[in-house]
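Peer 1: The structure under discussion is supplied below as structure tokens; questions concerning it will follow.
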Amino acid sequence: MEIQDARSLPSVAQEDLRRKAVNAVLAGKTQAEVAKLFSVSRYAVIKWVTAYREGGEKALSARQRGRPKGLGGRLTTKQATTIARLVVDKCPDQLKLPFALWTREAVQDLIRNRYGIEVAITTVGNYLRTWGFTPQKPIRRAFEQDPVAVKLWLDEIYPEIRRRAKAEGAVIYWCDEMGLRSDHVTGRSYGIRGRTPVIPGTGNRFGCNMISAVTNRGHLCFMVFIETFQVKIFLNFLKRLVKQNKGKVFLILDGHPVHRSRKARVWLEDNRNRIEFFRLPSYSPELNPDELLNQDVKSNAHGRYRPRNQTEMIGNIRSYLRSTQHHPDIVQNYFHERHVSYAA
């Protein structure tokens with residue numbers, strides 16, 4: 001007798017075979033006779049009869065084969081939904097996990113701690129893809145940020161600024177400043193496999209600073225300077241900004257001490273017919289479109305080139321910014337980023 005492997009049969013055929021074998025035993029045949037009759041092993045018949053006696057007809061029913069589909073896998077749908085929600089709503093340290101970011105290892109630990117289930121790291125990756133997650137560079141957000149203030153800004157304050165600007169014929173500018181260092185490097189470098197490229201450093205560091213302002217129509221104003229950012233520099237930039245605009249300027253900026261200085265307030269009062277300040281919520285740089293210009297300059301005007309001296313560094317940055325001024329569409333694209341699209 002050639003014994004067939006019942007596991008190769010379709011689920012419905014397996015169920016039918018199990019029922020016929022058990023019914024034959026119940027009719028009086030021995031398990032050995034039934035095994036020979038249906039060309040299966042005696043062990044299979046014993047297992048089916050035992051299952052029937054413990055669970056009845058239900059124990060012989062066909063079951064889903066292979067890995068369950070959908071959100072689950074080894075996790076149930078409810079468990080998978082819970083894990084996905086925690087990854088969206090919480091950081092690992094909030095769940096007492098020894099990770100700063102949601103990596104596959106962090107999710108693997110979360111599943112183990114919450115449900116006592118061991119899941120392979122590759123399976124965790126499959127789960128994350130199924131749930132719609134992709135690896136991304138996270139945005140830094142200060143603990144001190146007030147979500148209520150941010151919501152108030154988005155829902156009420158900025159819409160009112162925009163309404164006023166339209167009524168008064170004013171132009172809304174977004175302003176920020178940043179520092180640049182000669183040893184700043186971004187991007188990747190080709191190298192032999194297994195040998196990480198080394199960027200030689202030097203103790204002869206130098207740098208410069210930049211202040212800029214952009215509009216959602218693509219206008220860009222900037223200053224590059226080597227001094228520390230102080231009130232004198234700020235007022236010089238404001239005078240240029242006002243001079244370049246025929247109408248009133250609504251300038252949106254953060255709470256930098258220079259912006260709030262006494263001299264700045266006095267100058268602002270003297271020029272209130274030409275310019276007005278509006279403060280972003282504290283610790284909320286992601287709401288400022290001018291931050292996207294800063295990132296662009298760091299990555300493309302400076303981070304991929306190694307200036308030999310401060311003069312060359314400033315020249316590279318000014319040249320890049322002047323080129324950007326001639327391409328308003330580049331500046332307008334900054335406002336397409338999801339965190340600042342409300343200002344487009």
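We label chains A, B, ... in the order they appear in the structure tokens, count residues from 1 in each chain, and number ligands from 1 in the order shown.
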If we count only C-alpha atoms, what is near region 15-26 of chain A at a cut-off of 9 Å, once residues fewer than 3 positions away on the same chain are taken out, given as a CSV table (one decimal) with N, CA and C atoms, in the first residue's frame?

Peer 2:
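Below you can see selection.csv, which holds the result:
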chain,number,residue,atom,x,y,z
A,6,ALA,N,-1.7,13.3,3.2
A,6,ALA,CA,-3.0,14.1,3.2
A,6,ALA,C,-2.8,15.6,3.2
A,10,PRO,N,-6.3,19.5,-1.0
A,10,PRO,CA,-7.0,20.7,-0.7
A,10,PRO,C,-7.7,20.6,0.7
A,11,SER,N,-8.0,21.8,1.3
A,11,SER,CA,-8.6,21.8,2.7
A,11,SER,C,-9.9,21.0,2.7
A,12,VAL,N,-10.8,21.2,1.7
A,12,VAL,CA,-12.1,20.5,1.7
A,12,VAL,C,-11.9,19.0,1.6
A,29,LYS,N,-14.7,-0.7,12.2
A,29,LYS,CA,-13.4,-1.1,11.7
A,29,LYS,C,-12.3,-0.7,12.6
A,30,THR,N,-11.2,-1.4,12.5
A,30,THR,CA,-10.0,-1.1,13.3
A,30,THR,C,-9.3,0.1,12.7
A,31,GLN,N,-8.5,0.8,13.5
A,31,GLN,CA,-7.8,1.9,12.9
A,31,GLN,C,-6.8,1.5,11.9
A,33,GLU,N,-7.2,-1.1,9.8
A,33,GLU,CA,-8.0,-1.3,8.6
A,33,GLU,C,-8.4,0.0,7.9
A,34,VAL,N,-8.8,1.0,8.6
A,34,VAL,CA,-9.1,2.3,8.1
A,34,VAL,C,-7.9,2.9,7.4
A,35,ALA,N,-6.8,2.8,8.0
A,35,ALA,CA,-5.6,3.4,7.5
A,35,ALA,C,-5.3,2.8,6.1
A,37,LEU,N,-7.5,1.2,4.2
A,37,LEU,CA,-8.6,1.5,3.3
A,37,LEU,C,-8.4,2.9,2.6
A,38,PHE,N,-8.0,3.9,3.3
A,38,PHE,CA,-7.9,5.2,2.8
A,38,PHE,C,-6.4,5.6,2.4
A,44,ALA,N,-2.1,9.0,11.5
A,44,ALA,CA,-3.1,10.0,11.1
A,44,ALA,C,-4.5,9.6,11.5
A,45,VAL,N,-4.9,8.4,11.4
A,45,VAL,CA,-6.2,7.9,11.8
A,45,VAL,C,-6.3,8.1,13.3
A,48,TRP,N,-6.9,11.7,14.2
A,48,TRP,CA,-8.3,12.2,13.8
A,48,TRP,C,-9.3,11.7,14.8
A,49,VAL,N,-9.2,10.4,15.1
A,49,VAL,CA,-10.2,9.9,16.1
A,49,VAL,C,-10.1,10.6,17.4
A,52,TYR,N,-11.6,14.0,17.3
A,52,TYR,CA,-13.1,13.9,17.2
A,52,TYR,C,-13.7,13.6,18.6
A,57,GLU,N,-17.4,17.0,15.9
A,57,GLU,CA,-17.3,17.2,14.5
A,57,GLU,C,-16.5,18.5,14.1
A,60,LEU,N,-12.8,18.3,13.2
A,60,LEU,CA,-12.5,17.7,11.9
A,60,LEU,C,-12.6,18.7,10.7
A,61,SER,N,-13.1,19.9,11.0
A,61,SER,CA,-13.4,20.9,10.0
A,61,SER,C,-12.2,21.4,9.3
A,62,ALA,N,-12.3,21.9,8.1
A,62,ALA,CA,-11.2,22.4,7.3
A,62,ALA,C,-10.7,23.8,8.0
A,63,ARG,N,-9.4,24.0,8.0
A,63,ARG,CA,-8.9,25.3,8.6
A,63,ARG,C,-8.1,26.0,7.5

Peer 1: Quick one: pick out all strand (DSSP E) residues within region 143-299 of chain A from a backbone DSSP run and write them as JSON, numbers by chain.

Peer 2: {"A": [171, 172, 173, 174, 175, 176, 177, 178, 179, 180, 181, 207, 208, 209, 210, 211, 212, 213, 214, 220, 221, 222, 223, 224, 225, 249, 250, 251, 252, 253, 275, 276, 277, 278, 279]}

Peer 1: Separation of CA of Arg308 (chain A) and CA of Ser182 (chain A), in Å?

Peer 2: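 Going from CA of Arg308 (chain A) over to CA of Ser182 (chain A), I get 8.6 Å.
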
Peer 1: Per residue of region 314-334 of chain A within 8 Å of region 208-221 of chain A, note the shortest atom pair and the distance in Å to one decimal, counting only C-alpha atoms, and order the rows by chain and increasing residue number, as a Markdown table.

Peer 2:
| residue | atom | partner | partner_atom | distance |
| --- | --- | --- | --- | --- |
| A:Ile314 | CA | A:Cys208 | CA | 7.0 |
| A:Thr324 | CA | A:Leu220 | CA | 7.9 |
| A:Gln325 | CA | A:Leu220 | CA | 5.7 |
| A:His327 | CA | A:Gly218 | CA | 7.7 |
| A:Pro328 | CA | A:Gly218 | CA | 4.0 |
| A:Asp329 | CA | A:Gly218 | CA | 6.1 |
| A:Ile330 | CA | A:Gly218 | CA | 7.2 |
| A:Val331 | CA | A:Gly218 | CA | 4.7 |
| A:Gln332 | CA | A:Gly218 | CA | 4.9 |

Peer 1: Would you output that residue set with N, CA and C atoms, as a CSV table (one decimal), in the first residue's frame?

Peer 2:
chain,number,residue,atom,x,y,z
A,314,ILE,N,31.4,82.2,2.0
A,314,ILE,CA,30.4,83.3,1.9
A,314,ILE,C,30.0,83.5,0.4
A,324,THR,N,18.7,81.3,-6.4
A,324,THR,CA,17.4,81.0,-6.0
A,324,THR,C,16.4,82.1,-6.1
A,325,GLN,N,16.9,83.4,-5.9
A,325,GLN,CA,16.0,84.5,-6.1
A,325,GLN,C,15.5,84.6,-7.6
A,327,HIS,N,14.7,82.1,-9.3
A,327,HIS,CA,13.8,81.0,-9.6
A,327,HIS,C,12.7,80.9,-8.5
A,328,PRO,N,11.7,81.8,-8.6
A,328,PRO,CA,10.7,81.8,-7.6
A,328,PRO,C,10.0,80.5,-7.3
A,329,ASP,N,9.9,79.6,-8.4
A,329,ASP,CA,9.3,78.4,-8.2
A,329,ASP,C,10.0,77.5,-7.2
A,330,ILE,N,11.3,77.7,-7.0
A,330,ILE,CA,12.0,76.9,-6.0
A,330,ILE,C,11.5,77.3,-4.6
A,331,VAL,N,11.4,78.6,-4.4
A,331,VAL,CA,10.9,79.1,-3.1
A,331,VAL,C,9.5,78.7,-2.9
A,332,GLN,N,8.7,78.8,-3.9
A,332,GLN,CA,7.3,78.3,-3.8
A,332,GLN,C,7.2,76.9,-3.4

Peer 1: Which residues are close to region 131-135 of chain A, i.e. within 7 Å by only C-alpha atoms, leaving aside same-chain residues fewer than 2 positions away? Reply as a PDB file with N, CA and C atoms, in the first residue's frame.

Peer 2:
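Output contents, as saved in result.pdb:
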ATOM      1  N   LEU A  71      -3.919  42.238   8.452  1.00  0.00           N
ATOM      2  CA  LEU A  71      -3.064  42.889   9.427  1.00  0.00           C
ATOM      3  C   LEU A  71      -2.327  41.903  10.316  1.00  0.00           C
ATOM      4  N   ALA A  84       0.143  48.773  15.658  1.00  0.00           N
ATOM      5  CA  ALA A  84       0.245  49.845  14.668  1.00  0.00           C
ATOM      6  C   ALA A  84      -0.171  51.185  15.275  1.00  0.00           C
ATOM      7  N   TYR A 127       5.341  43.154   8.550  1.00  0.00           N
ATOM      8  CA  TYR A 127       4.197  43.767   9.223  1.00  0.00           C
ATOM      9  C   TYR A 127       4.142  45.267   8.932  1.00  0.00           C
ATOM     10  N   LEU A 128       5.295  45.948   9.135  1.00  0.00           N
ATOM     11  CA  LEU A 128       5.337  47.397   8.995  1.00  0.00           C
ATOM     12  C   LEU A 128       4.966  47.829   7.577  1.00  0.00           C
ATOM     13  N   ARG A 129       5.439  47.099   6.584  1.00  0.00           N
ATOM     14  CA  ARG A 129       5.068  47.421   5.204  1.00  0.00           C
ATOM     15  C   ARG A 129       3.575  47.210   4.978  1.00  0.00           C
TER      16      ARG A 129
END

Peer 1: Choose the residue, out of A:Ala301, A:Val249, A:Ala80, A:Val40, that has the smallest atom-to-atom separation from Trp174 (chain A); count only C-alpha atoms.

Peer 2: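 Distance minimum relative to Trp174 (chain A) lands on A:Val249.
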
Peer 1: Please identify which residues in region 61-136 of chain A DSSP calls alpha helix (DSSP H) from the backbone, and express them as a PyMOL selection string.

Peer 2: chain A and resi 77-89+104-115+121-130
